[in-house]
Each structure stands twice: as structure tokens, then as C-alpha cells.
Amino acid sequence: SNLRILLIAGGPPGEHEVSLSSARGVLAAMPHPTELAVIAKDGLWLLGEDAREALVAGVAEHGTHRFPPDIPWQHYDVAFPLLHGPVGEDGVIQGFLELLGLPYVGAGVTSSALCMDKDLCKRVLHQAGIPVVPWVTFYKGEPTPEPPFKPPYFVKPANTGSSVGISKVRADQDAHKALAQAFAWDHKVLVEQGIEGVRELEVALLGNIHARSSVVGEITYQAEFYDYETKYTPGRAQLHLPASISPEIAERIQATAIEAYRILGVRGMARVDFFLSGQGELYLNEFNTIPGFTPTSMYPKLWQASGLAYPELLDQLVQLALRA
Ligand code: ATP
Ligand code: MG
Ligand code: MG
Ligand code: MG
């Protein structure tokens, strides 16, 4: 093809290594000529051969180019910000690409910011009648009274991914350590009701506003919850594609995800995470507008299980960017 792609990976600490791991997979499978730029943990950029070396190393602590980096932007047809978490998944880099007039893969500024902020996202979904897990929100420095629901709780930063900064607080534990851990990553923190006997079901969506859905997948694991180590250590989690659930629940998950995608104004893609409680209640947990593309990641596997191979998936994302 004659489409030239600029892949941007790395980003701040938190999901930096996850992003570089995602980028290795995407670079190997992208059916268009692709160049790489890496944002180091210090916020400076690496270009050309330095970026490739960072990818091999799996981490870039320090960059060399101050923002905005000296990249011939007009040379590219589509940018692919394959960055997870703040700066890359929350609308910040999307705004810069808008200013450049460079089409990019994935959701726009507002939608990215909304999906990244778990508190605001849940408020919008709740207003639309989509079931979400009960929660309360605290900003740094505010009093943190007992929430109006029973433990266990999940304490999470409003704007992270990969379970970074998330802890489970059981009835016999106090929440101070969990709150401190979450506030280390964000000025806003959610305390959520822990769903007991939870089944974790995920679905992959593709499209601009009007999405189509993959089959539903399920994740099982031996850990206390689906934490960072369980997500990225091969063999720790089992992915079931498709999930062993009734066709009714599968269809409800797909329809709810597609409806929420439209409400949140998502373009490109999203991986939508659901919880099914031991009592059979279904909740939409969260939206990921730049899901992982690592070897253990669910998004490309869900599409593969739905008949869409990895290189074709990447091509469709590029085509959706050009039509956004
Ligand atoms: P991702 O890597 O999918 O972006 P994330 O960091 O955005 O994850 P969540 O998906 O909200 O975080 O939560 C991470 C994990 O923590 C869940 O997959 C689940 O195992 C557990 N968890 C979070 N909230 C709850 C809850 N309310 N009840 C039960 N388990 C929960
Ligand atoms: Mg997430
Ligand atoms: Mg995420
Ligand atoms: Mg999740």
C-alpha cells in the first residue's frame, strides 16, 4: 500500500512498557509502511533508530527531542497513537494531532477524555440507563467518609489503566493504604463496590460511532483480582474465546457496548469490560479507547476469534481514521 503510518508509543510511567509491548506487535503486523516515534518516561521523544532501540529494550527512560519533536508530519497519512493512559489515551495527543490536521487511529479529544476518566464516564453511562457498579469519588485532600455500600471496595485512580494504582479493600482492612496508592497516580479517586463472585467479560468494538462487536470473551485467573502482574505475565490469566455464557447475556453485552460506544462518541475502537455478578447482574465496568495490543492482550484476540485477523484489523483501523 502507499499509506504511510506514524506509530507513536511509550508515554509516561504507568503503562509505558505495556505500550512498547503493544507497539512491537503492531509494527510486526501492520500492512502499511510504518515509522515509529517513542515518548520516553521523561516526556522527551526518540525518533528513527533511537526509537527502534527503545522498542527492543522495552523501555525508554530518557528521550532526546523536546516537544514538539522535529517530525515531518506531512509525510504521513495516518498517525497511530498506541499510548495507554494519561497523555496518550485521554485526548491530549489527540488534540495535538487535530492541530496538525493529521488523521489518527482511535477516538477524538472529547471521547478519549470521557472514556479515560472513570468517574465522568460512569456518570454519563448511568444517566443513559446503562448499569454501572455503585461508586463514590474523592479529590485529593477531601474527607473520605465510608461509602454508602458494603465492602469489599475497589479503590482506583480515575485515569489509569492496566490496574495501575488499583487495590481491593476487604472488610477487615482499612482503606488508607489503598487511597494513598491511588492518589499517587491521580488527583481524583473512585471507591467502588466490589462485585462478589465476579465474572469478567470483555468485548471488542470497531467503527466510527456506529460500531460492530466481536464475540464476548471471558478472563479467569487465580489472583485476588485482574491486577498488573496477572495481566502481563504469560500464563497467569486464561482467556476464553468465546465466553461460556448464554446467548442472551452475550447479546446483552454486545448491544449495551454498542449503545454506550455511540453515547460516548467513540471513533476507531474500544475494548469494553463488563462484570457479571454471582447473582447474575450485569454491569458495564469501563471503556478502553486504546486497548492493549500485547501478546497477552484481549482486543486483537477477540477479533481473531471473530474472524478478523490481526493485520486486517490494523488495516481497518487505518481506514476508519481516514474516514473519521
Ligand atoms: P484495563 O487494563 O482493563 O484498562 P483498568 O486499570 O482500567 O484496567 P479496571 O478494569 O477498572 O481497571 O479494574 C481492573 C480490575 O480490577 C478488573 O479487571 C477487576 O479484576 C478488578 N475490579 C475493578 N473494579 C472492580 C469491582 N467493582 N468489583 C470487582 N472487581 C473489580
Ligand atoms: Mg481501563
Ligand atoms: Mg486501559
Ligand atoms: Mg479493565
# chains A, B, ... in the order shown; residues from 1 in each chain; ligands from 1
$ residues_around --residues "A:Ile8" --least-positions-apart "3" --cutoff "12 Å" --atoms "only C-alpha atoms" --output "PyMOL selection string"
chain A and resi 5+11+16+19-20+22-24+26-27+34-40+45-48+51-52+55+69+71+78-84+87-89+93-94+97+104-105
$ select_by_dssp --residues "stretch 164-306 of chain A" --states "alpha helix (DSSP H)" --output "PyMOL selection string"
chain A and resi 176-183+228-232+247-264+298-305
$ write_last_selection --atoms "N, CA and C atoms" --output "mmCIF file, in the first residue's frame"
data_model
loop_
_atom_site.group_PDB
_atom_site.id
_atom_site.type_symbol
_atom_site.label_atom_id
_atom_site.label_comp_id
_atom_site.auth_asym_id
_atom_site.auth_seq_id
_atom_site.Cartn_x
_atom_site.Cartn_y
_atom_site.Cartn_z
ATOM 1 N N HIS A 176 -6.895 3.235 54.017
ATOM 2 C CA HIS A 176 -5.914 4.319 53.905
ATOM 3 C C HIS A 176 -4.800 4.044 52.906
ATOM 4 N N LYS A 177 -4.233 2.829 52.983
ATOM 5 C CA LYS A 177 -3.125 2.485 52.094
ATOM 6 C C LYS A 177 -3.605 2.478 50.633
ATOM 7 N N ALA A 178 -4.774 1.911 50.435
ATOM 8 C CA ALA A 178 -5.330 1.841 49.076
ATOM 9 C C ALA A 178 -5.569 3.248 48.526
ATOM 10 N N LEU A 179 -6.096 4.136 49.361
ATOM 11 C CA LEU A 179 -6.337 5.516 48.912
ATOM 12 C C LEU A 179 -5.021 6.214 48.578
ATOM 13 N N ALA A 180 -4.004 6.019 49.432
ATOM 14 C CA ALA A 180 -2.698 6.646 49.178
ATOM 15 C C ALA A 180 -2.113 6.137 47.868
ATOM 16 N N GLN A 181 -2.252 4.822 47.620
ATOM 17 C CA GLN A 181 -1.723 4.250 46.368
ATOM 18 C C GLN A 181 -2.428 4.833 45.150
ATOM 19 N N ALA A 182 -3.731 4.987 45.240
ATOM 20 C CA ALA A 182 -4.483 5.527 44.097
ATOM 21 C C ALA A 182 -4.158 7.013 43.901
ATOM 22 N N PHE A 183 -4.076 7.765 45.008
ATOM 23 C CA PHE A 183 -3.774 9.197 44.895
ATOM 24 C C PHE A 183 -2.344 9.457 44.408
ATOM 25 N N TYR A 228 -1.995 -5.971 37.576
ATOM 26 C CA TYR A 228 -0.973 -5.761 36.535
ATOM 27 C C TYR A 228 -0.198 -7.045 36.220
ATOM 28 N N GLU A 229 0.282 -7.736 37.276
ATOM 29 C CA GLU A 229 1.082 -8.958 37.053
ATOM 30 C C GLU A 229 0.245 -10.030 36.362
ATOM 31 N N THR A 230 -1.007 -10.158 36.795
ATOM 32 C CA THR A 230 -1.873 -11.169 36.199
ATOM 33 C C THR A 230 -2.140 -10.851 34.729
ATOM 34 N N LYS A 231 -2.218 -9.559 34.401
ATOM 35 C CA LYS A 231 -2.487 -9.156 33.016
ATOM 36 C C LYS A 231 -1.332 -9.461 32.072
ATOM 37 N N TYR A 232 -0.100 -9.243 32.529
ATOM 38 C CA TYR A 232 1.026 -9.251 31.584
ATOM 39 C C TYR A 232 2.032 -10.369 31.790
ATOM 40 N N PRO A 247 -26.504 -17.233 25.156
ATOM 41 C CA PRO A 247 -26.615 -16.291 24.036
ATOM 42 C C PRO A 247 -27.307 -14.999 24.454
ATOM 43 N N GLU A 248 -28.233 -15.087 25.425
ATOM 44 C CA GLU A 248 -28.947 -13.875 25.873
ATOM 45 C C GLU A 248 -27.982 -12.895 26.522
ATOM 46 N N ILE A 249 -27.115 -13.395 27.407
ATOM 47 C CA ILE A 249 -26.168 -12.497 28.077
ATOM 48 C C ILE A 249 -25.158 -11.952 27.062
ATOM 49 N N ALA A 250 -24.693 -12.809 26.168
ATOM 50 C CA ALA A 250 -23.729 -12.354 25.151
ATOM 51 C C ALA A 250 -24.334 -11.220 24.319
ATOM 52 N N GLU A 251 -25.593 -11.406 23.912
ATOM 53 C CA GLU A 251 -26.242 -10.368 23.092
ATOM 54 C C GLU A 251 -26.468 -9.084 23.885
ATOM 55 N N ARG A 252 -26.781 -9.238 25.182
ATOM 56 C CA ARG A 252 -26.988 -8.053 26.021
ATOM 57 C C ARG A 252 -25.666 -7.273 26.152
ATOM 58 N N ILE A 253 -24.569 -7.996 26.319
ATOM 59 C CA ILE A 253 -23.259 -7.344 26.430
ATOM 60 C C ILE A 253 -22.932 -6.605 25.133
ATOM 61 N N GLN A 254 -23.126 -7.270 24.006
ATOM 62 C CA GLN A 254 -22.793 -6.640 22.724
ATOM 63 C C GLN A 254 -23.664 -5.412 22.464
ATOM 64 N N ALA A 255 -24.961 -5.547 22.721
ATOM 65 C CA ALA A 255 -25.877 -4.424 22.463
ATOM 66 C C ALA A 255 -25.584 -3.250 23.394
ATOM 67 N N THR A 256 -25.302 -3.552 24.673
ATOM 68 C CA THR A 256 -25.004 -2.489 25.639
ATOM 69 C C THR A 256 -23.714 -1.778 25.247
ATOM 70 N N ALA A 257 -22.708 -2.538 24.853
ATOM 71 C CA ALA A 257 -21.423 -1.940 24.470
ATOM 72 C C ALA A 257 -21.594 -1.039 23.241
ATOM 73 N N ILE A 258 -22.361 -1.498 22.258
ATOM 74 C CA ILE A 258 -22.574 -0.716 21.032
ATOM 75 C C ILE A 258 -23.338 0.572 21.341
ATOM 76 N N GLU A 259 -24.339 0.475 22.224
ATOM 77 C CA GLU A 259 -25.115 1.663 22.607
ATOM 78 C C GLU A 259 -24.219 2.671 23.347
ATOM 79 N N ALA A 260 -23.418 2.149 24.294
ATOM 80 C CA ALA A 260 -22.538 3.025 25.080
ATOM 81 C C ALA A 260 -21.485 3.693 24.183
ATOM 82 N N TYR A 261 -20.992 2.969 23.218
ATOM 83 C CA TYR A 261 -19.989 3.477 22.263
ATOM 84 C C TYR A 261 -20.523 4.703 21.537
ATOM 85 N N ARG A 262 -21.776 4.592 21.107
ATOM 86 C CA ARG A 262 -22.404 5.718 20.411
ATOM 87 C C ARG A 262 -22.608 6.897 21.354
ATOM 88 N N ILE A 263 -23.079 6.619 22.571
ATOM 89 C CA ILE A 263 -23.313 7.693 23.542
ATOM 90 C C ILE A 263 -22.009 8.423 23.862
ATOM 91 N N LEU A 264 -20.929 7.664 24.010
ATOM 92 C CA LEU A 264 -19.629 8.262 24.357
ATOM 93 C C LEU A 264 -18.924 8.843 23.133
ATOM 94 N N MET A 298 -6.333 -8.868 25.020
ATOM 95 C CA MET A 298 -7.647 -9.367 24.635
ATOM 96 C C MET A 298 -8.158 -8.758 23.323
ATOM 97 N N TYR A 299 -7.897 -7.465 23.067
ATOM 98 C CA TYR A 299 -8.540 -6.805 21.917
ATOM 99 C C TYR A 299 -8.261 -7.521 20.590
ATOM 100 N N PRO A 300 -6.983 -7.715 20.218
ATOM 101 C CA PRO A 300 -6.759 -8.418 18.945
ATOM 102 C C PRO A 300 -7.227 -9.871 18.975
ATOM 103 N N LYS A 301 -7.137 -10.521 20.147
ATOM 104 C CA LYS A 301 -7.590 -11.922 20.230
ATOM 105 C C LYS A 301 -9.098 -12.041 20.041
ATOM 106 N N LEU A 302 -9.852 -11.065 20.575
ATOM 107 C CA LEU A 302 -11.314 -11.090 20.406
ATOM 108 C C LEU A 302 -11.682 -10.984 18.932
ATOM 109 N N TRP A 303 -10.954 -10.140 18.179
ATOM 110 C CA TRP A 303 -11.245 -10.013 16.750
ATOM 111 C C TRP A 303 -10.822 -11.258 15.986
ATOM 112 N N GLN A 304 -9.668 -11.805 16.394
ATOM 113 C CA GLN A 304 -9.226 -13.035 15.749
ATOM 114 C C GLN A 304 -10.275 -14.129 15.919
ATOM 115 N N ALA A 305 -10.819 -14.243 17.135
ATOM 116 C CA ALA A 305 -11.853 -15.247 17.420
ATOM 117 C C ALA A 305 -13.153 -14.948 16.673
#
$ residues_around --residues "A:Pro134" --least-positions-apart "4" --cutoff "8 Å" --atoms "only C-alpha atoms" --output "list in words"
Phe149, Glu192 and Gln193 of chain A
$ residues_near_ligand --ligand "ligand 2" --cutoff "10 Å" --atoms "only C-alpha atoms and all ligand atoms" --output "tab-separated table (two decimals) with N, CA and C atoms, in the first residue's frame"
chain	number	residue	atom	x	y	z
A	84	HIS	N	-1.16	4.15	26.15
A	84	HIS	CA	-2.19	3.83	27.12
A	84	HIS	C	-2.12	4.80	28.29
A	85	GLY	N	-3.27	5.24	28.76
A	85	GLY	CA	-3.29	6.08	29.95
A	85	GLY	C	-3.15	7.56	29.66
A	115	CYS	N	-13.83	8.72	28.15
A	115	CYS	CA	-13.64	7.29	28.42
A	115	CYS	C	-12.49	7.05	29.39
A	116	MET	N	-11.49	7.92	29.38
A	116	MET	CA	-10.35	7.74	30.28
A	116	MET	C	-10.74	8.01	31.72
A	117	ASP	N	-11.61	9.00	31.93
A	117	ASP	CA	-11.99	9.41	33.29
A	117	ASP	C	-13.13	8.50	33.78
A	118	LYS	N	-12.77	7.51	34.60
A	118	LYS	CA	-13.76	6.50	35.01
A	118	LYS	C	-14.96	7.13	35.72
A	158	ALA	N	-8.85	7.75	38.93
A	158	ALA	CA	-9.85	7.99	37.90
A	158	ALA	C	-9.29	7.74	36.49
A	159	ASN	N	-8.00	7.98	36.31
A	159	ASN	CA	-7.44	7.99	34.94
A	159	ASN	C	-6.23	7.08	34.74
A	160	THR	N	-6.33	5.81	35.08
A	160	THR	CA	-5.22	4.91	34.73
A	160	THR	C	-5.79	3.69	34.02
A	161	GLY	N	-4.90	2.80	33.64
A	161	GLY	CA	-5.28	1.53	33.04
A	161	GLY	C	-4.31	0.47	33.52
A	162	SER	N	-4.49	-0.76	33.03
A	162	SER	CA	-3.62	-1.89	33.42
A	162	SER	C	-3.65	-2.16	34.92
A	163	SER	N	-4.70	-1.73	35.59
A	163	SER	CA	-4.85	-1.89	37.05
A	163	SER	C	-3.81	-1.11	37.85
A	164	VAL	N	-3.12	-0.18	37.22
A	164	VAL	CA	-2.11	0.63	37.91
A	164	VAL	C	-2.79	1.47	39.00
A	271	ARG	N	-12.19	-1.46	23.73
A	271	ARG	CA	-12.45	-2.72	24.42
A	271	ARG	C	-13.29	-2.38	25.63
A	272	VAL	N	-14.45	-3.02	25.75
A	272	VAL	CA	-15.39	-2.69	26.81
A	272	VAL	C	-15.41	-3.84	27.80
A	273	ASP	N	-15.17	-3.51	29.09
A	273	ASP	CA	-15.07	-4.51	30.14
A	273	ASP	C	-16.37	-4.55	30.94
A	285	ASN	N	-18.23	-2.12	33.27
A	285	ASN	CA	-17.16	-1.63	34.15
A	285	ASN	C	-16.46	-0.43	33.54
A	286	GLU	N	-15.92	-0.57	32.33
A	286	GLU	CA	-15.15	0.56	31.80
A	286	GLU	C	-14.88	0.40	30.31
A	287	PHE	N	-14.53	1.56	29.70
A	287	PHE	CA	-14.18	1.66	28.29
A	287	PHE	C	-12.68	1.87	28.16
A	288	ASN	N	-12.05	1.20	27.20
A	288	ASN	CA	-10.64	1.44	26.88
A	288	ASN	C	-10.55	1.80	25.40
A	289	THR	N	-10.26	3.08	25.12
A	289	THR	CA	-10.27	3.52	23.72
A	289	THR	C	-8.96	3.19	23.00
A	290	ILE	N	-7.89	2.94	23.76
A	290	ILE	CA	-6.66	2.39	23.15
A	290	ILE	C	-6.30	1.14	23.93
A	291	PRO	N	-6.95	0.04	23.60
A	291	PRO	CA	-6.70	-1.20	24.34
A	291	PRO	C	-5.32	-1.75	24.02
A	292	GLY	N	-4.87	-2.66	24.88
A	292	GLY	CA	-3.57	-3.29	24.67
A	292	GLY	C	-3.53	-4.11	23.38
$ select_by_dssp --residues "stretch 48-252 of chain A" --states "strand (DSSP E)" --output "PyMOL selection string"
chain A and resi 78-81+135-139+153-157+167-169+188-193+199-206+212-221+237-240
$ write_last_selection --atoms "N, CA and C atoms" --output "tab-separated table (two decimals), in the first residue's frame"
chain	number	residue	atom	x	y	z
A	78	VAL	N	-1.53	8.75	8.23
A	78	VAL	CA	-2.28	8.44	9.46
A	78	VAL	C	-1.30	8.26	10.62
A	79	ALA	N	-1.63	8.86	11.76
A	79	ALA	CA	-0.89	8.60	12.99
A	79	ALA	C	-1.64	7.56	13.82
A	80	PHE	N	-0.88	6.73	14.49
A	80	PHE	CA	-1.48	5.73	15.38
A	80	PHE	C	-0.89	5.93	16.77
A	81	PRO	N	-1.60	6.74	17.61
A	81	PRO	CA	-1.12	6.89	18.98
A	81	PRO	C	-1.44	5.63	19.78
A	135	TRP	N	-20.49	3.67	43.10
A	135	TRP	CA	-19.17	4.22	43.43
A	135	TRP	C	-19.33	5.60	44.05
A	136	VAL	N	-18.27	6.06	44.72
A	136	VAL	CA	-18.17	7.44	45.16
A	136	VAL	C	-16.81	7.97	44.71
A	137	THR	N	-16.69	9.30	44.61
A	137	THR	CA	-15.47	9.92	44.09
A	137	THR	C	-14.90	10.88	45.12
A	138	PHE	N	-13.59	10.88	45.27
A	138	PHE	CA	-12.92	11.82	46.15
A	138	PHE	C	-11.79	12.52	45.41
A	139	TYR	N	-11.67	13.84	45.62
A	139	TYR	CA	-10.48	14.54	45.17
A	139	TYR	C	-9.46	14.56	46.30
A	153	TYR	N	-14.23	-3.13	48.81
A	153	TYR	CA	-14.20	-2.00	47.89
A	153	TYR	C	-13.08	-2.17	46.89
A	154	PHE	N	-13.22	-1.54	45.75
A	154	PHE	CA	-12.09	-1.35	44.84
A	154	PHE	C	-11.78	0.14	44.82
A	155	VAL	N	-10.53	0.46	45.10
A	155	VAL	CA	-10.10	1.85	45.11
A	155	VAL	C	-9.24	2.06	43.87
A	156	LYS	N	-9.62	3.02	43.02
A	156	LYS	CA	-8.89	3.19	41.76
A	156	LYS	C	-8.71	4.65	41.38
A	157	PRO	N	-7.54	4.97	40.82
A	157	PRO	CA	-7.35	6.31	40.25
A	157	PRO	C	-8.38	6.51	39.13
A	167	SER	N	-6.41	-1.08	44.13
A	167	SER	CA	-6.37	-2.11	45.17
A	167	SER	C	-7.77	-2.53	45.58
A	168	LYS	N	-7.80	-3.74	46.11
A	168	LYS	CA	-9.04	-4.27	46.70
A	168	LYS	C	-8.93	-4.11	48.21
A	169	VAL	N	-9.99	-3.65	48.83
A	169	VAL	CA	-10.01	-3.48	50.29
A	169	VAL	C	-11.10	-4.38	50.85
A	188	LYS	N	-7.90	12.48	41.48
A	188	LYS	CA	-9.27	12.03	41.69
A	188	LYS	C	-9.28	10.50	41.79
A	189	VAL	N	-10.03	9.98	42.77
A	189	VAL	CA	-10.03	8.54	43.04
A	189	VAL	C	-11.47	8.05	43.21
A	190	LEU	N	-11.73	6.85	42.71
A	190	LEU	CA	-13.04	6.22	42.88
A	190	LEU	C	-12.96	5.13	43.94
A	191	VAL	N	-13.98	5.05	44.77
A	191	VAL	CA	-14.16	3.88	45.64
A	191	VAL	C	-15.42	3.19	45.13
A	192	GLU	N	-15.23	1.96	44.66
A	192	GLU	CA	-16.33	1.21	44.04
A	192	GLU	C	-16.73	0.04	44.91
A	193	GLN	N	-17.98	-0.31	44.85
A	193	GLN	CA	-18.42	-1.55	45.47
A	193	GLN	C	-17.75	-2.73	44.77
A	199	ARG	N	-17.58	-12.45	37.35
A	199	ARG	CA	-17.03	-12.99	36.10
A	199	ARG	C	-16.68	-11.79	35.24
A	200	GLU	N	-15.50	-11.84	34.62
A	200	GLU	CA	-15.01	-10.70	33.84
A	200	GLU	C	-15.16	-11.00	32.35
A	201	LEU	N	-16.02	-10.23	31.72
A	201	LEU	CA	-16.38	-10.44	30.32
A	201	LEU	C	-16.00	-9.20	29.52
A	202	GLU	N	-15.39	-9.41	28.37
A	202	GLU	CA	-14.92	-8.27	27.57
A	202	GLU	C	-15.34	-8.44	26.13
A	203	VAL	N	-15.53	-7.30	25.48
A	203	VAL	CA	-15.93	-7.32	24.09
A	203	VAL	C	-15.12	-6.26	23.34
A	204	ALA	N	-14.81	-6.54	22.07
A	204	ALA	CA	-14.05	-5.59	21.25
A	204	ALA	C	-14.99	-4.93	20.25
A	205	LEU	N	-14.88	-3.60	20.12
A	205	LEU	CA	-15.71	-2.86	19.17
A	205	LEU	C	-14.83	-2.16	18.16
A	206	LEU	N	-15.40	-1.98	16.97
A	206	LEU	CA	-14.68	-1.38	15.85
A	206	LEU	C	-15.68	-0.55	15.05
A	212	ARG	N	-19.35	-2.24	15.25
A	212	ARG	CA	-19.72	-3.65	15.29
A	212	ARG	C	-18.91	-4.30	16.40
A	213	SER	N	-19.42	-5.44	16.84
A	213	SER	CA	-18.88	-6.06	18.04
A	213	SER	C	-18.27	-7.41	17.73
A	214	SER	N	-17.23	-7.74	18.47
A	214	SER	CA	-16.64	-9.08	18.40
A	214	SER	C	-17.50	-10.04	19.23
A	215	VAL	N	-17.08	-11.28	19.26
A	215	VAL	CA	-17.66	-12.22	20.23
A	215	VAL	C	-17.29	-11.74	21.63
A	216	VAL	N	-17.97	-12.25	22.64
A	216	VAL	CA	-17.65	-11.91	24.03
A	216	VAL	C	-16.60	-12.88	24.54
A	217	GLY	N	-15.59	-12.36	25.22
A	217	GLY	CA	-14.56	-13.20	25.83
A	217	GLY	C	-14.63	-13.13	27.34
A	218	GLU	N	-14.07	-14.14	27.99
A	218	GLU	CA	-14.00	-14.14	29.46
A	218	GLU	C	-12.57	-14.33	29.91
A	219	ILE	N	-12.22	-13.70	31.02
A	219	ILE	CA	-10.89	-13.85	31.61
A	219	ILE	C	-11.05	-14.50	32.97
A	220	THR	N	-10.26	-15.55	33.20
A	220	THR	CA	-10.21	-16.16	34.54
A	220	THR	C	-8.76	-16.17	34.99
A	221	TYR	N	-8.55	-16.24	36.31
A	221	TYR	CA	-7.20	-16.15	36.87
A	221	TYR	C	-7.25	-16.64	38.30
A	237	ALA	N	-3.23	-15.60	33.41
A	237	ALA	CA	-4.66	-15.46	33.16
A	237	ALA	C	-5.05	-16.35	31.99
A	238	GLN	N	-6.27	-16.86	32.05
A	238	GLN	CA	-6.77	-17.68	30.95
A	238	GLN	C	-7.84	-16.87	30.20
A	239	LEU	N	-7.70	-16.83	28.89
A	239	LEU	CA	-8.68	-16.13	28.06
A	239	LEU	C	-9.58	-17.18	27.41
A	240	HIS	N	-10.88	-16.98	27.52
A	240	HIS	CA	-11.85	-17.92	26.96
A	240	HIS	C	-12.59	-17.23	25.83
$ closest_residue --among "A:Ser277, A:Ile245, A:Tyr226, A:Leu317" --to "ligand 4" --atoms "only C-alpha atoms and all ligand atoms"
A:Tyr226
$ closest_residue --among "A:Leu99, A:Ala107, A:Ile130, A:Ile166" --to "ligand 1" --atoms "only C-alpha atoms and all ligand atoms"
A:Ile166
